[in-house]
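Below is structure_24.cif, holding mmCIF, C-alpha atoms.
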```cif
data_data
loop_
_atom_site.label_atom_id
_atom_site.label_comp_id
_atom_site.auth_asym_id
_atom_site.auth_seq_id
_atom_site.Cartn_x
_atom_site.Cartn_y
_atom_site.Cartn_z
CA MET A 1 -57.56 -83.91 61.69
CA ARG A 2 -59.39 -83.82 58.37
CA GLN A 3 -61.05 -80.54 59.29
CA ALA A 4 -57.66 -79.02 60.08
CA LEU A 5 -56.14 -80.23 56.79
CA SER A 6 -59.16 -78.97 54.85
CA THR A 7 -58.86 -75.58 56.54
CA ILE A 8 -55.18 -75.30 55.67
CA GLN A 9 -55.80 -76.40 52.08
CA TRP A 10 -58.50 -73.78 51.58
CA ALA A 11 -56.19 -71.11 53.06
CA MET A 12 -53.31 -72.17 50.80
CA PHE A 13 -55.60 -72.28 47.75
CA ILE A 14 -56.86 -68.75 48.38
CA LEU A 15 -53.34 -67.59 49.13
CA ALA A 16 -51.82 -69.14 45.99
CA GLY A 17 -54.26 -67.22 43.81
CA SER A 18 -53.95 -63.91 45.65
CA VAL A 19 -50.31 -63.23 46.46
CA VAL A 20 -49.06 -62.62 42.92
CA ALA A 21 -51.18 -59.49 42.37
CA PRO A 22 -49.86 -57.34 45.25
CA LEU A 23 -46.31 -58.44 44.46
CA ALA A 24 -46.65 -57.47 40.78
CA ILE A 25 -48.45 -54.19 41.51
CA GLY A 26 -45.99 -53.29 44.24
CA GLN A 27 -43.08 -53.74 41.84
CA ALA A 28 -44.86 -51.73 39.11
CA TYR A 29 -45.28 -48.77 41.49
CA GLY A 30 -41.74 -48.96 42.84
CA MET A 31 -42.69 -49.98 46.37
CA THR A 32 -40.00 -51.00 48.83
CA PRO A 33 -39.95 -54.55 50.28
CA VAL A 34 -41.50 -53.19 53.50
CA GLU A 35 -44.31 -51.50 51.55
CA ILE A 36 -44.94 -54.64 49.51
CA ALA A 37 -45.08 -56.69 52.73
CA ASP A 38 -47.68 -54.26 54.12
CA PHE A 39 -49.59 -54.48 50.83
CA VAL A 40 -49.69 -58.28 51.11
CA GLN A 41 -50.84 -58.03 54.74
CA ARG A 42 -53.70 -55.67 53.87
CA SER A 43 -54.71 -57.85 50.91
CA LEU A 44 -54.92 -61.02 53.00
CA PHE A 45 -56.96 -59.23 55.64
CA VAL A 46 -59.53 -57.82 53.21
CA LEU A 47 -59.97 -60.98 51.14
CA GLY A 48 -60.31 -63.10 54.30
CA VAL A 49 -62.96 -60.79 55.76
CA VAL A 50 -64.88 -60.56 52.48
CA SER A 51 -64.80 -64.35 51.98
CA VAL A 52 -66.41 -64.80 55.42
CA LEU A 53 -69.03 -62.11 54.75
CA GLN A 54 -70.00 -63.65 51.41
CA ALA A 55 -70.16 -67.21 52.79
CA LEU A 56 -72.32 -66.20 55.78
CA TRP A 57 -74.54 -63.40 54.44
CA GLY A 58 -73.87 -62.96 50.71
CA HIS A 59 -74.06 -65.78 48.19
CA ARG A 60 -73.50 -68.29 51.06
CA LEU A 61 -71.30 -70.49 48.89
CA PRO A 62 -67.68 -71.63 49.40
CA ILE A 63 -66.21 -69.30 46.78
CA ALA A 64 -62.68 -67.98 47.26
CA GLU A 65 -62.10 -64.27 46.83
CA GLY A 66 -59.21 -63.18 44.67
CA PRO A 67 -57.79 -60.04 43.02
CA ALA A 68 -60.10 -59.04 40.17
CA ALA A 69 -58.18 -59.38 36.91
CA LEU A 70 -59.87 -56.19 35.69
CA TRP A 71 -58.63 -54.15 38.65
CA TRP A 72 -55.23 -55.78 38.34
CA GLY A 73 -55.06 -54.63 34.72
CA VAL A 74 -56.23 -51.12 35.59
CA PHE A 75 -53.58 -50.75 38.32
CA LEU A 76 -50.81 -51.87 35.95
CA LEU A 77 -52.21 -49.74 33.12
CA PHE A 78 -52.11 -46.49 35.09
CA ALA A 79 -48.69 -47.31 36.50
CA SER A 80 -47.42 -47.22 32.91
CA LEU A 81 -49.54 -44.19 31.91
CA ALA A 82 -48.56 -42.04 34.90
CA PRO A 83 -45.47 -40.45 33.26
CA ALA A 84 -47.54 -39.47 30.21
CA MET A 85 -50.05 -37.86 32.60
CA GLY A 86 -47.23 -35.85 34.18
CA LEU A 87 -47.45 -37.83 37.42
CA HIS A 88 -45.26 -40.13 39.43
CA PRO A 89 -46.84 -43.63 39.49
CA ARG A 90 -47.31 -43.38 43.27
CA ASP A 91 -49.47 -40.25 42.76
CA VAL A 92 -52.02 -42.36 40.84
CA LEU A 93 -52.80 -44.65 43.78
CA PRO A 94 -55.02 -42.19 45.76
CA ALA A 95 -57.13 -41.69 42.62
CA LEU A 96 -57.49 -45.46 42.30
CA GLU A 97 -58.72 -45.53 45.91
CA LEU A 98 -61.53 -43.18 44.93
CA GLY A 99 -62.25 -45.38 41.92
CA LEU A 100 -62.73 -48.34 44.26
CA ILE A 101 -65.06 -46.27 46.44
CA ALA A 102 -67.18 -45.33 43.40
CA SER A 103 -67.27 -49.00 42.37
CA GLY A 104 -68.44 -50.07 45.82
CA LEU A 105 -71.22 -47.48 45.88
CA ILE A 106 -72.48 -48.62 42.46
CA PHE A 107 -72.65 -52.23 43.65
CA LEU A 108 -74.57 -51.15 46.76
CA VAL A 109 -77.10 -49.15 44.73
CA VAL A 110 -77.63 -51.84 42.07
CA SER A 111 -78.09 -54.54 44.72
CA ALA A 112 -80.33 -52.44 46.98
CA CYS A 113 -82.60 -51.76 44.01
CA GLY A 114 -82.88 -55.50 43.32
CA TRP A 115 -81.35 -55.36 39.84
CA MET A 116 -78.78 -58.12 40.36
CA ASP A 117 -81.31 -60.93 39.86
CA ALA A 118 -82.41 -59.35 36.57
CA ILE A 119 -78.79 -59.21 35.40
CA ARG A 120 -78.30 -62.81 36.45
CA ARG A 121 -81.03 -63.95 34.04
CA LEU A 122 -78.77 -62.92 31.17
CA PHE A 123 -76.41 -65.78 32.07
CA SER A 124 -77.89 -68.70 30.14
CA PRO A 125 -76.08 -72.08 29.99
CA THR A 126 -74.58 -70.99 26.66
CA VAL A 127 -73.16 -67.79 28.17
CA VAL A 128 -71.84 -69.57 31.27
CA GLY A 129 -70.25 -72.33 29.18
CA THR A 130 -68.61 -69.79 26.88
CA TYR A 131 -67.33 -67.95 29.95
CA PHE A 132 -65.67 -71.13 31.25
CA LEU A 133 -63.95 -71.85 27.92
CA LEU A 134 -62.73 -68.27 27.55
CA LEU A 135 -61.48 -68.21 31.15
CA VAL A 136 -59.31 -71.27 30.52
CA ALA A 137 -58.07 -69.78 27.25
CA GLN A 138 -57.16 -66.50 28.93
CA MET A 139 -55.40 -68.12 31.87
CA SER A 140 -53.57 -70.88 29.98
CA GLY A 141 -50.80 -68.52 28.85
CA PRO A 142 -50.04 -67.05 32.31
CA PHE A 143 -50.22 -70.53 33.85
CA VAL A 144 -47.73 -72.15 31.48
CA THR A 145 -45.49 -69.07 31.66
CA GLY A 146 -45.72 -69.06 35.45
CA ILE A 147 -44.98 -72.78 35.82
CA LEU A 148 -41.92 -72.53 33.58
CA GLY A 149 -40.80 -69.28 35.21
CA ALA A 150 -40.53 -67.66 31.79
CA LYS A 151 -41.82 -64.19 32.67
CA SER A 152 -38.33 -62.73 32.81
CA GLY A 153 -37.49 -64.15 29.37
CA ALA A 154 -34.93 -66.61 30.77
CA ILE A 155 -35.96 -70.02 32.09
CA ASP A 156 -34.30 -71.44 35.18
CA GLY A 157 -34.08 -75.15 34.31
CA LYS A 158 -33.96 -76.34 37.91
CA ALA A 159 -36.95 -74.23 39.00
CA ALA A 160 -38.93 -75.25 35.90
CA ALA A 161 -38.21 -78.94 36.58
CA ILE A 162 -39.46 -78.61 40.18
CA SER A 163 -42.61 -76.85 39.03
CA LEU A 164 -43.32 -79.50 36.40
CA ALA A 165 -42.76 -82.20 39.03
CA THR A 166 -45.25 -80.38 41.29
CA LEU A 167 -47.74 -80.30 38.43
CA ALA A 168 -47.27 -84.03 37.82
CA VAL A 169 -47.82 -84.79 41.51
CA SER A 170 -51.03 -82.75 41.62
CA LEU A 171 -52.38 -84.47 38.47
CA VAL A 172 -51.59 -87.96 39.78
CA LEU A 173 -53.01 -87.32 43.24
CA ALA A 174 -56.24 -85.89 41.80
CA ARG A 175 -56.87 -89.27 40.09
CA SER A 176 -55.79 -91.39 43.03
CA ARG A 177 -58.03 -94.21 44.26
CA HIS A 178 -57.53 -92.99 47.82
CA GLN A 179 -60.03 -90.31 48.75
CA LEU A 180 -57.66 -88.71 51.27
CA LEU A 181 -55.03 -88.10 48.58
CA ARG A 182 -57.64 -86.75 46.15
CA SER A 183 -59.13 -84.41 48.74
CA TYR A 184 -55.81 -82.86 49.72
CA SER A 185 -54.04 -83.01 46.35
CA VAL A 186 -53.59 -79.23 46.18
CA LEU A 187 -52.16 -78.97 49.71
CA ILE A 188 -49.81 -81.93 49.16
CA ALA A 189 -48.63 -80.50 45.84
CA ILE A 190 -47.86 -77.10 47.39
CA ALA A 191 -45.94 -78.72 50.26
CA PHE A 192 -44.05 -80.96 47.82
CA GLY A 193 -43.01 -78.16 45.46
CA TRP A 194 -42.19 -75.71 48.24
CA SER A 195 -39.97 -78.31 49.95
CA LEU A 196 -38.09 -79.00 46.73
CA PHE A 197 -37.48 -75.28 46.23
CA VAL A 198 -36.00 -75.09 49.76
CA LEU A 199 -33.82 -78.18 49.23
CA ALA A 200 -32.58 -76.84 45.88
CA GLY A 201 -31.63 -73.49 47.44
CA LEU A 202 -34.09 -71.60 45.22
CA TYR A 203 -36.46 -70.44 47.95
CA HIS A 204 -36.29 -66.70 48.63
CA LYS A 205 -38.33 -65.25 51.46
CA ILE A 206 -39.55 -61.66 51.21
CA GLU A 207 -37.13 -59.72 53.35
CA ALA A 208 -38.73 -57.00 55.45
CA PRO A 209 -37.98 -56.05 59.05
CA ALA A 210 -40.79 -56.99 61.44
CA GLU A 211 -41.19 -54.16 63.95
CA ASN A 212 -43.84 -55.93 66.01
CA TRP A 213 -45.02 -59.49 66.50
CA VAL A 214 -48.62 -58.37 65.93
CA ALA A 215 -49.65 -55.48 63.70
CA LEU A 216 -53.03 -54.29 62.45
CA PRO A 217 -53.45 -53.43 58.75
CA HIS A 218 -53.13 -49.69 58.12
CA LEU A 219 -55.93 -47.53 56.72
CA LEU A 220 -55.41 -45.32 53.64
CA SER A 221 -51.75 -46.25 53.25
CA TRP A 222 -51.71 -44.55 49.83
CA GLY A 223 -53.06 -41.26 51.19
CA TRP A 224 -56.46 -39.59 51.01
CA PRO A 225 -58.46 -40.36 47.83
CA HIS A 226 -58.59 -37.68 45.16
CA VAL A 227 -60.39 -37.27 41.85
CA ASP A 228 -59.00 -38.09 38.41
CA GLY A 229 -61.53 -38.01 35.56
CA GLY A 230 -59.93 -40.77 33.47
CA ILE A 231 -59.58 -43.12 36.42
CA MET A 232 -63.16 -42.46 37.56
CA LEU A 233 -64.58 -43.27 34.11
CA THR A 234 -62.43 -46.38 33.91
CA SER A 235 -63.65 -47.46 37.35
CA LEU A 236 -67.28 -47.14 36.27
CA ILE A 237 -66.69 -49.37 33.25
CA VAL A 238 -64.78 -51.90 35.36
CA THR A 239 -67.68 -52.02 37.83
CA VAL A 240 -70.20 -52.87 35.10
CA LEU A 241 -67.92 -55.64 33.85
CA LEU A 242 -67.36 -56.97 37.39
CA LEU A 243 -71.11 -57.54 37.67
CA SER A 244 -70.83 -60.28 35.04
CA ASN A 245 -67.71 -61.66 36.73
CA LEU A 246 -69.51 -61.93 40.07
CA ILE A 247 -72.58 -63.65 38.61
CA ALA A 248 -70.52 -66.08 36.51
CA SER A 249 -68.57 -67.13 39.62
CA MET A 250 -71.78 -67.78 41.56
CA GLU A 251 -73.24 -69.77 38.65
CA ALA A 252 -70.07 -71.86 38.38
CA VAL A 253 -69.87 -72.90 42.02
CA GLU A 254 -73.63 -73.30 42.39
CA ARG A 255 -73.59 -75.90 39.60
CA VAL A 256 -70.95 -77.90 41.51
CA VAL A 257 -72.14 -77.53 45.10
CA HIS A 258 -75.92 -77.69 44.52
CA PRO A 259 -76.87 -75.63 47.62
CA ALA A 260 -80.08 -76.42 49.48
CA GLU A 261 -81.22 -72.79 49.43
CA PRO A 262 -81.39 -70.47 46.39
CA VAL A 263 -78.44 -68.14 45.89
CA SER A 264 -79.25 -64.43 46.20
CA ALA A 265 -77.45 -62.28 43.67
CA ASN A 266 -78.61 -59.10 45.41
CA ARG A 267 -77.13 -60.11 48.78
CA SER A 268 -73.91 -61.06 47.07
CA GLY A 269 -73.84 -57.72 45.26
CA LEU A 270 -74.24 -55.86 48.56
CA ILE A 271 -71.24 -57.68 50.04
CA MET A 272 -69.35 -57.04 46.80
CA GLY A 273 -69.96 -53.33 47.32
CA ILE A 274 -68.65 -53.59 50.88
CA SER A 275 -65.65 -55.49 49.49
CA GLN A 276 -64.74 -52.64 47.13
CA LEU A 277 -65.10 -50.08 49.93
CA LEU A 278 -62.87 -52.16 52.22
CA SER A 279 -60.29 -52.41 49.44
CA ALA A 280 -60.27 -48.62 49.17
CA ALA A 281 -60.11 -48.13 52.95
CA PHE A 282 -57.17 -50.52 53.33
CA SER A 283 -55.42 -49.43 50.12
CA THR A 284 -55.40 -52.67 48.24
CA ILE A 285 -56.61 -54.07 44.92
CA GLY A 286 -60.30 -54.80 44.37
CA PHE A 287 -61.42 -58.39 44.96
CA VAL A 288 -64.09 -60.57 43.37
CA PRO A 289 -65.30 -64.16 43.93
CA VAL A 290 -63.21 -66.29 41.56
CA SER A 291 -64.97 -68.82 39.36
CA TYR A 292 -62.06 -71.26 39.25
CA THR A 293 -63.09 -72.23 42.79
CA ALA A 294 -65.53 -74.57 41.04
CA GLY A 295 -62.59 -76.43 39.50
CA PHE A 296 -60.89 -76.64 42.89
CA ILE A 297 -64.02 -78.16 44.44
CA LEU A 298 -64.28 -80.68 41.60
CA THR A 299 -60.63 -81.62 42.09
CA THR A 300 -60.72 -82.00 45.89
CA ARG A 301 -64.40 -83.01 46.36
CA MET A 302 -64.56 -80.54 49.29
CA MET A 303 -68.02 -78.99 49.10
CA GLU A 304 -68.56 -78.21 52.80
CA LYS A 305 -68.67 -74.55 53.78
CA TRP A 306 -67.20 -74.93 57.26
CA PRO A 307 -63.56 -75.65 56.22
CA PHE A 308 -63.79 -72.76 53.75
CA LEU A 309 -64.89 -70.40 56.50
CA MET A 310 -62.12 -71.57 58.81
CA GLY A 311 -59.56 -71.21 56.03
CA SER A 312 -60.71 -67.63 55.40
CA LEU A 313 -60.55 -66.82 59.11
CA LEU A 314 -57.06 -68.33 59.23
CA LEU A 315 -55.93 -65.82 56.59
CA VAL A 316 -57.45 -62.98 58.62
CA ALA A 317 -55.52 -64.18 61.69
CA VAL A 318 -52.32 -64.58 59.66
CA SER A 319 -52.63 -61.00 58.40
CA PHE A 320 -52.16 -59.74 61.98
CA VAL A 321 -48.76 -61.43 62.30
CA PRO A 322 -46.26 -59.83 59.86
CA ALA A 323 -43.66 -62.61 60.16
CA VAL A 324 -46.21 -65.30 59.27
CA THR A 325 -47.65 -63.15 56.48
CA LEU A 326 -44.22 -62.85 54.88
CA TRP A 327 -43.69 -66.60 55.19
CA PHE A 328 -46.99 -67.42 53.50
CA ALA A 329 -46.46 -64.74 50.87
CA SER A 330 -43.13 -66.32 49.95
CA ILE A 331 -44.69 -69.40 48.33
CA PRO A 332 -42.83 -69.86 45.03
CA VAL A 333 -45.16 -68.43 42.39
CA SER A 334 -44.51 -71.31 39.98
CA VAL A 335 -45.51 -73.83 42.66
CA GLY A 336 -48.76 -71.94 43.21
CA TYR A 337 -49.54 -72.07 39.50
CA ALA A 338 -48.68 -75.78 39.27
CA SER A 339 -50.78 -76.76 42.28
CA VAL A 340 -54.01 -75.17 40.99
CA PHE A 341 -53.46 -75.97 37.29
CA LEU A 342 -56.03 -78.76 37.34
CA SER A 343 -58.62 -76.51 39.00
CA PHE A 344 -58.63 -74.42 35.83
CA ALA A 345 -58.36 -77.36 33.44
CA ASN A 346 -61.51 -78.92 34.95
CA MET A 347 -63.48 -75.91 33.79
CA ILE A 348 -63.18 -76.96 30.14
CA GLY A 349 -65.40 -79.97 30.79
CA MET A 350 -67.80 -77.80 32.77
CA GLY A 351 -68.01 -75.35 29.88
CA ILE A 352 -68.74 -78.04 27.31
CA ARG A 353 -71.45 -79.55 29.52
CA GLU A 354 -73.11 -76.17 30.04
CA ILE A 355 -73.19 -75.40 26.32
CA ALA A 356 -74.61 -78.86 25.61
CA LYS A 357 -77.58 -78.15 27.92
CA SER A 358 -79.04 -75.87 25.24
CA GLY A 359 -78.30 -78.34 22.45
CA LEU A 360 -75.45 -78.48 19.97
CA ASP A 361 -77.34 -77.31 16.89
CA GLU A 362 -76.26 -74.94 14.14
CA ARG A 363 -77.37 -71.85 16.10
CA GLN A 364 -75.33 -72.87 19.15
CA GLY A 365 -72.26 -73.50 17.02
CA TYR A 366 -72.65 -70.09 15.40
CA ILE A 367 -73.02 -68.19 18.68
CA VAL A 368 -70.28 -70.01 20.58
CA GLY A 369 -67.90 -70.01 17.61
CA VAL A 370 -68.18 -66.26 16.99
CA ALA A 371 -67.89 -65.45 20.72
CA LEU A 372 -64.83 -67.67 21.18
CA MET A 373 -63.14 -66.40 18.02
CA ALA A 374 -63.65 -62.76 18.97
CA GLY A 375 -62.81 -63.25 22.64
CA VAL A 376 -59.63 -65.25 22.08
CA GLY A 377 -58.62 -62.82 19.32
CA CYS A 378 -58.81 -59.88 21.71
CA MET A 379 -56.40 -61.71 24.02
CA PHE A 380 -53.70 -61.41 21.36
CA LEU A 381 -54.04 -57.69 20.62
CA PRO A 382 -50.56 -56.11 20.83
CA ALA A 383 -49.77 -53.70 23.63
CA SER A 384 -48.82 -51.03 21.08
CA PHE A 385 -52.39 -51.04 19.73
CA LEU A 386 -53.99 -50.95 23.19
CA ALA A 387 -51.74 -48.04 24.18
CA GLN A 388 -53.40 -45.92 21.47
CA LEU A 389 -56.88 -46.46 22.89
CA PRO A 390 -58.40 -44.19 25.58
CA PRO A 391 -57.60 -45.49 29.10
CA TYR A 392 -61.29 -46.15 29.79
CA ILE A 393 -61.66 -48.35 26.69
CA SER A 394 -58.46 -50.44 26.74
CA PRO A 395 -59.38 -52.47 29.88
CA LEU A 396 -62.50 -53.71 28.06
CA VAL A 397 -60.97 -54.34 24.62
CA SER A 398 -57.92 -56.08 26.07
CA ASN A 399 -60.06 -58.41 28.19
CA GLY A 400 -60.97 -61.17 25.75
CA LEU A 401 -62.93 -63.00 28.44
CA LEU A 402 -65.47 -60.23 28.93
CA MET A 403 -65.54 -59.24 25.25
CA GLY A 404 -66.42 -62.82 24.33
CA VAL A 405 -69.09 -63.06 27.02
CA LEU A 406 -70.71 -59.76 25.98
CA ILE A 407 -70.74 -60.87 22.34
CA CYS A 408 -72.27 -64.21 23.34
CA MET A 409 -75.01 -62.42 25.30
CA ALA A 410 -75.79 -60.15 22.34
CA LEU A 411 -75.87 -63.00 19.81
CA GLU A 412 -78.20 -65.06 22.00
CA ARG A 413 -80.79 -62.33 21.66
CA LEU A 414 -80.15 -61.43 18.03
CA VAL A 415 -79.69 -64.80 16.35
CA ARG A 416 -82.76 -66.90 15.69
CA SER A 417 -82.81 -70.60 14.89
CA ARG A 418 -82.71 -71.31 11.17
CA PRO A 419 -85.93 -73.02 10.02
CA ALA A 420 -85.45 -76.58 8.88
CA PHE A 421 -85.87 -77.11 5.14
CA SER A 422 -88.11 -79.87 4.01
CA ARG A 423 -87.02 -82.34 1.36
CA GLU A 424 -89.62 -80.92 -1.04
CA SER A 425 -87.99 -77.49 -0.92
CA GLU A 426 -84.56 -78.86 -1.83
#
```
What would you get if you wrote out this structure as structure tokens?
Amino acid sequence: MRQALSTIQWAMFILAGSVVAPLAIGQAYGMTPVEIADFVQRSLFVLGVVSVLQALWGHRLPIAEGPAALWWGVFLLFASLAPAMGLHPRDVLPALELGLIASGLIFLVVSACGWMDAIRRLFSPTVVGTYFLLLVAQMSGPFVTGILGAKSGAIDGKAAAISLATLAVSLVLARSRHQLLRSYSVLIAIAFGWSLFVLAGLYHKIEAPAENWVALPHLLSWGWPHVDGGIMLTSLIVTVLLLSNLIASMEAVERVVHPAEPVSANRSGLIMGISQLLSAAFSTIGFVPVSYTAGFILTTRMMEKWPFLMGSLLLVAVSFVPAVTLWFASIPVSVGYASVFLSFANMIGMGIREIAKSGLDERQGYIVGVALMAGVGCMFLPASFLAQLPPYISPLVSNGLLMGVLICMALERLVRSRPAFSRESE
């Protein structure tokens, strides 16, 4: 029974963090409900398959796959830039497919050459801790906005109240004395909030006609890939940045799970390359192991790999049944945010502990302070400013998380400890 509940909870956790992206991108590109439903189906299939590949042959850790925020931003960016390029937004999608293919090939080459382990050495405790703090800072706005349902500019009081109640339930259960309640706090919170949405008449299922009971995900639904110079250059930059995202996620979960065998960054990079190629083949967004899985494991105390594998396989099976896919994809977004809120919040403590490993001296304060200030500042750059930047630069500058991490890496190698002054020199 516990194995079954753990499997379902892992599946719901992965699902809650993955459904929003295809829905948002589908709307940005003017897709019909049927096309969005197919997009969700393909996304669940790819992320389920990649999660299994990583857990068995890649990093071999229970790390959920999710839409890469960088790719998400690139998709939305070119949807808005398409008219200025003289294109319909839908005409951009085949070029993004080729961008994903290029990204996958780069990952395969870097990993095959054994460079991933060298890149991983750049992630000191200070860098990893700064990454955690910046991740929470970057996601706090979308989480609060999502829980309150304020994205449209108007708050639905009833929906917001249900989401806040879901958040309260998840926070209370996570501190319960009963291990069963702690372990399944995320699953219970999702079921609680979803049920309240149904009872309040606020639940809206994605409406799309199901032609068959079972359907396989379609290949190249956006058409054959074609070349666009701006998108290709942007994809190359995104790939370099995703390298740090991948390694930071492995470092985060490894510190929580404490695996018996060393984690191979090169194997993980190879599977990451396969992941990008599968995303291109099945016309979906690029995926990456998500670091907030570490917070989920801390919250639920579920460190075993078997339930994670079964949960990932469950999503693959679900992706073959359109009716079930639509049902799962209809989880109220605000409930999803509320149920995993604590998984992100737990990363603040992890970040502070990582930074403390290298000491909290004047040098550490200088490096972390500058990196946090610059990174968080980039998160508040106005869209009007970013629109004036070249398309291959704006994804980097607008991503305060990666800007802060890159600055932290640079300062760690440039800043030396200040020599202590003796009393005689004062």
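Distances from A:Ser221, A:Gln364, A:Thr239, A:Gln3 to A:Gly104 were compared using only C-alpha atoms, and the smallest one belongs to A:Thr239.
Taking atom CA of A:Gly146 and atom CA of A:Asn346 as endpoints, the distance between them is 18.6 Å.
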Q: Carefully work through the PyMOL selection byres ((chain A and resi 55) around 12) for this structure and note down the residues it includes, as number ranges by chain.
A: A: 48-54, 56-65, 250, 259, 263-264, 267-268, 271-272, 289, 304-313
Keeping only C-alpha atoms, write the selected residues to a file as a PDB file, keeping the file's coordinate frame.
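After the write, again07.pdb holds the following:
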```
ATOM      1  CA  GLY A  48     -60.310 -63.100  54.300  1.00  0.00           C
ATOM      2  CA  VAL A  49     -62.960 -60.790  55.760  1.00  0.00           C
ATOM      3  CA  VAL A  50     -64.880 -60.560  52.480  1.00  0.00           C
ATOM      4  CA  SER A  51     -64.800 -64.350  51.980  1.00  0.00           C
ATOM      5  CA  VAL A  52     -66.410 -64.800  55.420  1.00  0.00           C
ATOM      6  CA  LEU A  53     -69.030 -62.110  54.750  1.00  0.00           C
ATOM      7  CA  GLN A  54     -70.000 -63.650  51.410  1.00  0.00           C
ATOM      8  CA  LEU A  56     -72.320 -66.200  55.780  1.00  0.00           C
ATOM      9  CA  TRP A  57     -74.540 -63.400  54.440  1.00  0.00           C
ATOM     10  CA  GLY A  58     -73.870 -62.960  50.710  1.00  0.00           C
ATOM     11  CA  HIS A  59     -74.060 -65.780  48.190  1.00  0.00           C
ATOM     12  CA  ARG A  60     -73.500 -68.290  51.060  1.00  0.00           C
ATOM     13  CA  LEU A  61     -71.300 -70.490  48.890  1.00  0.00           C
ATOM     14  CA  PRO A  62     -67.680 -71.630  49.400  1.00  0.00           C
ATOM     15  CA  ILE A  63     -66.210 -69.300  46.780  1.00  0.00           C
ATOM     16  CA  ALA A  64     -62.680 -67.980  47.260  1.00  0.00           C
ATOM     17  CA  GLU A  65     -62.100 -64.270  46.830  1.00  0.00           C
ATOM     18  CA  MET A 250     -71.780 -67.780  41.560  1.00  0.00           C
ATOM     19  CA  PRO A 259     -76.870 -75.630  47.620  1.00  0.00           C
ATOM     20  CA  VAL A 263     -78.440 -68.140  45.890  1.00  0.00           C
ATOM     21  CA  SER A 264     -79.250 -64.430  46.200  1.00  0.00           C
ATOM     22  CA  ARG A 267     -77.130 -60.110  48.780  1.00  0.00           C
ATOM     23  CA  SER A 268     -73.910 -61.060  47.070  1.00  0.00           C
ATOM     24  CA  ILE A 271     -71.240 -57.680  50.040  1.00  0.00           C
ATOM     25  CA  MET A 272     -69.350 -57.040  46.800  1.00  0.00           C
ATOM     26  CA  PRO A 289     -65.300 -64.160  43.930  1.00  0.00           C
ATOM     27  CA  GLU A 304     -68.560 -78.210  52.800  1.00  0.00           C
ATOM     28  CA  LYS A 305     -68.670 -74.550  53.780  1.00  0.00           C
ATOM     29  CA  TRP A 306     -67.200 -74.930  57.260  1.00  0.00           C
ATOM     30  CA  PRO A 307     -63.560 -75.650  56.220  1.00  0.00           C
ATOM     31  CA  PHE A 308     -63.790 -72.760  53.750  1.00  0.00           C
ATOM     32  CA  LEU A 309     -64.890 -70.400  56.500  1.00  0.00           C
ATOM     33  CA  MET A 310     -62.120 -71.570  58.810  1.00  0.00           C
ATOM     34  CA  GLY A 311     -59.560 -71.210  56.030  1.00  0.00           C
ATOM     35  CA  SER A 312     -60.710 -67.630  55.400  1.00  0.00           C
ATOM     36  CA  LEU A 313     -60.550 -66.820  59.110  1.00  0.00           C
TER      37      LEU A 313
END
```
Determine, counting only C-alpha atoms, which protein, DNA and RNA residues have an atom within 12 Å of an atom of A:Leu414; residues of the same chain fewer than 6 positions away are not included. Present the result as a compact mmCIF listing (two decimals) with C-alpha atoms, in the coordinates of the input.
```txt
# COMPACT_ATOMS: atom_id res chain seq x y z
CA ARG A 363 -77.37 -71.85 16.10
CA TYR A 366 -72.65 -70.09 15.40
CA ILE A 367 -73.02 -68.19 18.68
CA ILE A 407 -70.74 -60.87 22.34
CA CYS A 408 -72.27 -64.21 23.34
```
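Rounded to one decimal, atom CA of A:Thr7 and atom CA of A:Met303 lie 12.3 Å from each other.
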First collect every listed atom of stretch 301-305 of chain A; then fit an axis-aligned box around them, widen it by 6 Å on each side, and give centre and edge lengths in Å to one decimal, as JSON.
```
{"center_x": -66.5, "center_y": -78.8, "center_z": 50.1, "size_x": 16.3, "size_y": 20.5, "size_z": 19.4}
```
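Across the model, the gap from atom CA of A:Leu270 to atom CA of A:Arg42 is 21.2 Å.
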Q: Skip A:Met409 itself and residues of its chain fewer than 3 positions away, then list as a ChimeraX atom specification all residues within 8 Å of it, counting only C-alpha atoms.
A: /A:122-123,127,405-406,412-413
Q. Given the choices A:Leu93, A:Val144, A:Leu167, A:Val109, which gets closest to A:Val335 if the distance is worked out from all atoms listed in the file?
A. A:Leu167
Q) Hey, which of A:Thr126, A:Val288, A:Ile231, A:Ala102 ends up closest to A:Leu360? Count all atoms listed in the file. A) A:Thr126
Q: Could you please give me, as a PyMOL selection string, the residues of protein, DNA or RNA lying at most 12 Å from (-53.5, -53.9, 25.2) in the coordinate frame of the file, considering only C-alpha atoms?
A: chain A and resi 73-74+76-77+80+377-400
Q: To verify the selection step, state as a PyMOL selection string which residues the PyMOL selection byres ((chain A and resi 162) around 10) yields on this input.
A: chain A and resi 147-148+157-161+163-168+192-197+200+334-335+338
Q: Starting from the shown file, work through the PyMOL selection byres ((chain A and resi 173-181) around 12) and note down what comes out as a ChimeraX atom specification.
A: /A:1-3,5-6,166-172,182-189,192,295-302,339-343,346
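Distance annotation: of A:Ser275, A:Ser43, A:Ser111, A:Gln27, the residue with the minimal separation from A:Val318 is A:Ser43; atom set is all atoms listed in the file.
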Q. Taking all atoms listed in the file into account, which of A:Ala79, A:Ala95, A:Ser291, A:Gly114 comes nearest A:Glu254?
A. A:Ser291
